[in-house]
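S.K.: Here it is, the structure, as structure tokens.
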Number of protein chains: 2
Amino acid sequence: MQKNSVKVSMAVVRRLPKYYRYLGDLIQNGVMRISSKELGKLMGLTASQIRQDLNCFGGFGQQGYGYNVEELQKEIGRILGLNQTYNCVIVGAGNLGQAIANYEGFRREGFALSAMFDVNPRLIGNTIRDIKIYDIQDLGTYVLENDIQLGIICVPKEQSQGVADTMMENGIKAIWNFAPADVQVRDNVVIENVAISESLYTLTYLMNEPQLEI
Amino acid sequence: MQKNSVKVSMAVVRRLPKYYRYLGDLIQNGVMRISSKELGKLMGLTASQIRQDLNCFGGFGQQGYGYNVEELQKEIGRILGLNQTYNCVIVGAGNLGQAIANYEGFRREGFALSAMFDVNPRLIGNTIRDIKIYDIQDLGTYVLENDIQLGIICVPKEQSQGVADTMMENGIKAIWNFAPADVQVRDNVVIENVAISESLYTLTYLMNEPQLEI
């Protein structure tokens, strides 16, 4: 993968998946070309914000012609690392773990989920969409032997750090954590702590402060 | 509820739920008082950032004594509107809808979930933790008759806007949307589009650019 010479701010990085999603919808709807103004209107951003964001990666538009939707999506996908395959496991096979295992976009985008893990004997041995649920005691060995790069944590918060530690000890380099507790990682491991309830509490704030400037 | 006279930026608002969660964990661990420096270390923020954030709401600490953890959490909860009760419904009773219905903190924090809705005849009539699943055709009437304020959308993206429209037509003022498509709302309705995959794609970006400044 081509490395960018300039460091990009996390604010820009966090907008890239949104570009990727909107451009994917445009492709589905048969749109082949779009101006920064039109894309901005769709996404709730200004045209200049969009041009600035994309210029961080060299810029893709042609003055007066707008962006080629398919090329731009492909390029953003490449920047996001979605042109690669990632070996994944999910730890915690409850409703949330199952929801992620069933997420349609997961396989399409190169996330190769090969196993789930749980402590519950009633779940161990079952399969979800051909994915077998293993005993959580086998997590470390499985991760090591199957070159798993990405670990997804869907266990209660009390267990989350322990699961993360086992993952990291066995070579996992990225953790997507849904437990409502920020997991601590080593220097060479990247993490996204999702904390779903935070967006709910933002919503209740907004319900009570509808005059807020956004 | 006391209104704040100063407009607060969304960046600060989005950090408040994180303060709320960390302070809750401190209370559970018996910590009664904490300095902005210690809290910052826990949360990955600087002490001055924390003082700035909390000063937006009048400031709570006492110079040299730090913050009273329980009082601060209670006050932030009040600012977030968590001292109130919200009548909620979940539309989409699949894995994700069930995960949210089962989320332990949901009831504790005043979210009164009274019904779920689905199109699947095999789900309609069942209950999840005492919550009945109704036919989605009854959504509008139910929302209107039961004074539902908050609607949670866990349906596929193709159905999400239609569900949101029915919610808004019947008086819902806040929507928590998990469908991977940004739902458009009226002026007097607030929305949080969660788009879970965005954090996954941020993670794959970070896996490929570990030198990024965060």
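Within each chain, counting starts at residue 1; across the structure tokens, chains are named A, B, ... in the order shown, with ligands numbered 1 upward in that order.
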If you count only C-alpha atoms, which residues fall within 8 Å of region 47-50 of chain A, apart from same-chain ones fewer than 3 positions away, as a PDB file with N, CA and C atoms, in the first residue's frame?

M.R.:
ATOM      1  N   SER A  36     -18.307  18.364  -5.620  1.00  0.00           N
ATOM      2  CA  SER A  36     -18.113  18.466  -4.172  1.00  0.00           C
ATOM      3  C   SER A  36     -19.326  19.142  -3.522  1.00  0.00           C
ATOM      4  N   LYS A  37     -19.985  20.030  -4.293  1.00  0.00           N
ATOM      5  CA  LYS A  37     -21.160  20.714  -3.755  1.00  0.00           C
ATOM      6  C   LYS A  37     -22.322  19.736  -3.520  1.00  0.00           C
ATOM      7  N   GLU A  38     -22.562  18.892  -4.518  1.00  0.00           N
ATOM      8  CA  GLU A  38     -23.658  17.920  -4.389  1.00  0.00           C
ATOM      9  C   GLU A  38     -23.358  16.891  -3.286  1.00  0.00           C
ATOM     10  N   LEU A  39     -22.113  16.417  -3.274  1.00  0.00           N
ATOM     11  CA  LEU A  39     -21.730  15.428  -2.260  1.00  0.00           C
ATOM     12  C   LEU A  39     -21.848  16.042  -0.862  1.00  0.00           C
ATOM     13  N   GLY A  40     -21.433  17.309  -0.754  1.00  0.00           N
ATOM     14  CA  GLY A  40     -21.523  18.007   0.522  1.00  0.00           C
ATOM     15  C   GLY A  40     -22.959  18.127   1.000  1.00  0.00           C
ATOM     16  N   LYS A  41     -23.860  18.435   0.067  1.00  0.00           N
ATOM     17  CA  LYS A  41     -25.279  18.580   0.422  1.00  0.00           C
ATOM     18  C   LYS A  41     -25.823  17.260   0.978  1.00  0.00           C
ATOM     19  N   ASP A  53     -10.744  17.801   2.734  1.00  0.00           N
ATOM     20  CA  ASP A  53     -10.562  16.427   3.217  1.00  0.00           C
ATOM     21  C   ASP A  53      -9.849  15.588   2.167  1.00  0.00           C
ATOM     22  N   LEU A  54     -10.350  15.632   0.951  1.00  0.00           N
ATOM     23  CA  LEU A  54      -9.812  14.748  -0.085  1.00  0.00           C
ATOM     24  C   LEU A  54      -8.427  15.191  -0.545  1.00  0.00           C
TER      25      LEU A  54
END

S.K.: From a DSSP pass on the backbone, collect the residues of region 109-139 of chain A flagged as strand (DSSP E) and hand them back as a PyMOL selection string.

M.R.: chain A and resi 111-118+127-128+131-135

S.K.: So that I can check the surroundings of Asn87 (chain A), please list as a VMD selection string every protein, DNA and RNA residue that reaches within 9 Å of it, counting only C-alpha atoms and ignoring chain neighbours fewer than 2 positions away.

M.R.: chain A and resid 85 89 110 to 114 146 to 151

S.K.: Excluding Ala93 (chain B) and residues on its chain fewer than 4 positions from it, collect all residues at most 9 Å away from it, counting only C-alpha atoms, and give them as a list of chain:residue names.

M.R.: B:Gly97, B:Gln98, B:Ala101, B:Met116, B:Phe117, B:Asp118, B:Val119, B:Asn120, B:Leu123, B:Ile124, B:Ile128, B:Ile133, B:Cys154, B:Val155

S.K.: Give me, as a VMD selection string, the residues of chain A touching chain B, with the criterion being at most 7 Å (counting only C-alpha atoms).

M.R.: chain A and resid 7 9 to 10 13 to 14 17 to 18 79 to 81 95 to 96 98 to 99 174 176 190 to 192 198 to 208 212 to 214

S.K.: Kindly export the residues of the current selection with C-alpha atoms, as a PDB file, in the first residue's frame.

M.R.:
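Result written to again28.pdb:
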ATOM      1  CA  LYS A   7       0.127  12.990   8.590  1.00  0.00           C
ATOM      2  CA  SER A   9      -5.711  14.344  11.403  1.00  0.00           C
ATOM      3  CA  MET A  10      -8.018  11.841  13.074  1.00  0.00           C
ATOM      4  CA  VAL A  13      -9.766   9.917   9.029  1.00  0.00           C
ATOM      5  CA  ARG A  14     -13.065   9.535  10.885  1.00  0.00           C
ATOM      6  CA  PRO A  17     -15.770   5.790   6.244  1.00  0.00           C
ATOM      7  CA  LYS A  18     -18.730   8.129   5.804  1.00  0.00           C
ATOM      8  CA  ILE A  79      -6.806   4.370   1.960  1.00  0.00           C
ATOM      9  CA  LEU A  80      -9.026   2.742   4.608  1.00  0.00           C
ATOM     10  CA  GLY A  81      -7.287  -0.591   4.004  1.00  0.00           C
ATOM     11  CA  ASN A  95     -26.958 -10.938  20.645  1.00  0.00           C
ATOM     12  CA  LEU A  96     -24.418  -8.277  19.817  1.00  0.00           C
ATOM     13  CA  GLN A  98     -24.345 -12.507  16.568  1.00  0.00           C
ATOM     14  CA  ALA A  99     -25.517  -9.204  15.102  1.00  0.00           C
ATOM     15  CA  ALA A 174      -6.268  -4.530  16.140  1.00  0.00           C
ATOM     16  CA  TRP A 176     -12.786  -3.553  17.906  1.00  0.00           C
ATOM     17  CA  VAL A 190      -4.681  -0.260  17.544  1.00  0.00           C
ATOM     18  CA  ILE A 191      -8.096  -0.071  19.158  1.00  0.00           C
ATOM     19  CA  GLU A 192     -11.555   1.345  18.598  1.00  0.00           C
ATOM     20  CA  GLU A 198     -22.421   7.406  24.365  1.00  0.00           C
ATOM     21  CA  SER A 199     -24.448   8.251  21.271  1.00  0.00           C
ATOM     22  CA  LEU A 200     -27.662   7.580  23.215  1.00  0.00           C
ATOM     23  CA  TYR A 201     -26.646  10.043  25.921  1.00  0.00           C
ATOM     24  CA  THR A 202     -25.701  12.591  23.271  1.00  0.00           C
ATOM     25  CA  LEU A 203     -29.214  12.139  21.938  1.00  0.00           C
ATOM     26  CA  THR A 204     -30.866  12.794  25.304  1.00  0.00           C
ATOM     27  CA  TYR A 205     -28.694  15.889  25.656  1.00  0.00           C
ATOM     28  CA  LEU A 206     -29.923  17.117  22.276  1.00  0.00           C
ATOM     29  CA  MET A 207     -33.557  16.359  23.226  1.00  0.00           C
ATOM     30  CA  ASN A 208     -33.195  18.800  26.077  1.00  0.00           C
ATOM     31  CA  LEU A 212     -27.695  23.857  20.340  1.00  0.00           C
ATOM     32  CA  GLU A 213     -25.364  24.894  17.553  1.00  0.00           C
ATOM     33  CA  ILE A 214     -24.090  21.791  15.778  1.00  0.00           C
TER      34      ILE A 214
END

S.K.: How many Å separate CA of Asn170 (chain A) from CA of Ile136 (chain A)?

M.R.: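 So the two atoms, CA of Asn170 (chain A) and CA of Ile136 (chain A), lie 13.7 Å apart.
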
S.K.: Just how far from CA of Ser35 (chain A) is CA of Tyr67 (chain A), in Å to one decimal?

M.R.: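 Going from CA of Tyr67 (chain A) over to CA of Ser35 (chain A) covers 6.0 Å.
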
S.K.: Could you please determine the separation between CA of Arg33 (chain A) and CA of Leu72 (chain A) in Å, to one decimal place?

M.R.: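 So the answer is 9.7 Å.
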
S.K.: As a PyMOL selection string, please: the residues near Thr141 (chain B) (cut-off 12 Å, only C-alpha atoms, same-chain neighbours under 6 positions excluded).

M.R.: chain B and resi 134-135+147-148+166-172

S.K.: I need the residues of region 113-180 of chain A that end up classed as helix (DSSP H, G or I) by DSSP on the backbone, written out as a ChimeraX atom specification.

M.R.: /A:136-145,157-169

S.K.: Measuring atom to atom with only C-alpha atoms, identify which of A:Gln161, A:Asn83, A:Asn55, A:Thr46 is nearest to Gln184 (chain A).

M.R.: A:Gln161

S.K.: Would you mind listing what lies within 7 Å of Ile153 (chain B) as a PyMOL selection string, with only C-alpha atoms counted and same-chain residues fewer than 5 positions away left out?

M.R.: chain B and resi 90-92+160+176-179

S.K.: Export, as a PDB file, in the first residue's frame, the selected residues with C-alpha atoms.

M.R.:
ATOM      1  CA  ILE B  90     -37.215  -0.508  19.180  1.00  0.00           C
ATOM      2  CA  VAL B  91     -38.105  -1.221  15.564  1.00  0.00           C
ATOM      3  CA  GLY B  92     -36.352  -4.317  14.255  1.00  0.00           C
ATOM      4  CA  SER B 160     -34.884   2.947   7.839  1.00  0.00           C
ATOM      5  CA  TRP B 176     -31.321   6.528  17.579  1.00  0.00           C
ATOM      6  CA  ASN B 177     -30.566   4.962  14.208  1.00  0.00           C
ATOM      7  CA  PHE B 178     -28.446   1.820  13.777  1.00  0.00           C
ATOM      8  CA  ALA B 179     -29.305   1.245  10.118  1.00  0.00           C
TER       9      ALA B 179
END
